[in-house]
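Q: Right, I'll just put the structure down here and ask away after.
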Amino acid sequence: MSTISSDDVRHLAALSSLQLSDDEVASLQVDLTNILGYIEQLGTLDTTGVEPTYQVTGLENVWRDDVVDHGGVSREALLELAPEQADNSVKVPKVL
């Protein structure tokens, strides 16, 4: 069974940008050791013939072809709506 040291917990806390008290470190050390023990217990199960569960809701991706839709408006008509235009584009103020 794997055990987690207090240094391991402090390292994980530092990676997560967490500040833990000594009591919290001790509590998490016990919790993480129990979690690893449970994972090791699951590793001993015989899963031959068990299909992986990828989706439990039965939903499927809906795919469609990418089609360009111009919406019935031409580029020139949209440029006419702009207050200023230059080089076949809408002219906007500089943003620095």
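Identifiers in this document derive from the order of the structure tokens: chains are assigned A, B, ..., residues are numbered from 1 separately in each chain, and ligands are numbered from 1 in order of occurrence.
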What's around Ser6 in chain A at 8 Å? Count only C-alpha atoms, leave out sequence neighbours fewer than 3 positions away in its own chain, and write the answer as a PyMOL selection string.

A: chain A and resi 9-10+25-26+29

Q: Give the helix (DSSP H, G or I) residues of chain A, as DSSP finds them on the backbone, and put them as a ChimeraX atom specification.

A: /A:6-15,22-43,75-81

Q: List every residue of range 6-95 of chain A that DSSP, applied to the backbone of this structure, places in strand (DSSP E or B), and write the result as an MDAnalysis selection string.

A: chainID A and resid 85:86 89:90

Q: Can those selected residues be exported to a file as an mmCIF file, in the first residue's frame so that it contains C-alpha atoms?

A:
```cif
data_model
loop_
_atom_site.group_PDB
_atom_site.id
_atom_site.type_symbol
_atom_site.label_atom_id
_atom_site.label_comp_id
_atom_site.auth_asym_id
_atom_site.auth_seq_id
_atom_site.Cartn_x
_atom_site.Cartn_y
_atom_site.Cartn_z
ATOM 1 C CA GLN A 85 -13.723 52.656 -45.054
ATOM 2 C CA ALA A 86 -10.334 52.246 -46.692
ATOM 3 C CA SER A 89 -12.189 47.350 -45.302
ATOM 4 C CA VAL A 90 -13.813 49.119 -42.359
#
```

Q: Which residues are close to Ser2 in chain A, i.e. within 10 Å by only C-alpha atoms, leaving aside same-chain residues fewer than 4 positions away? Reply as a list in words.

A: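 Near neighbours after the sequence-gap exclusion: Leu32, Thr33, Asn34, Ile35, Leu36, Gly37 and Glu40 of chain A.
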
Q: If you count only C-alpha atoms, which residues fall within 12 Å of Glu76 in chain A, apart from same-chain ones fewer than 3 positions away, as an MDAnalysis selection string?

A: chainID A and resid 72:73 79:82 85 87:90
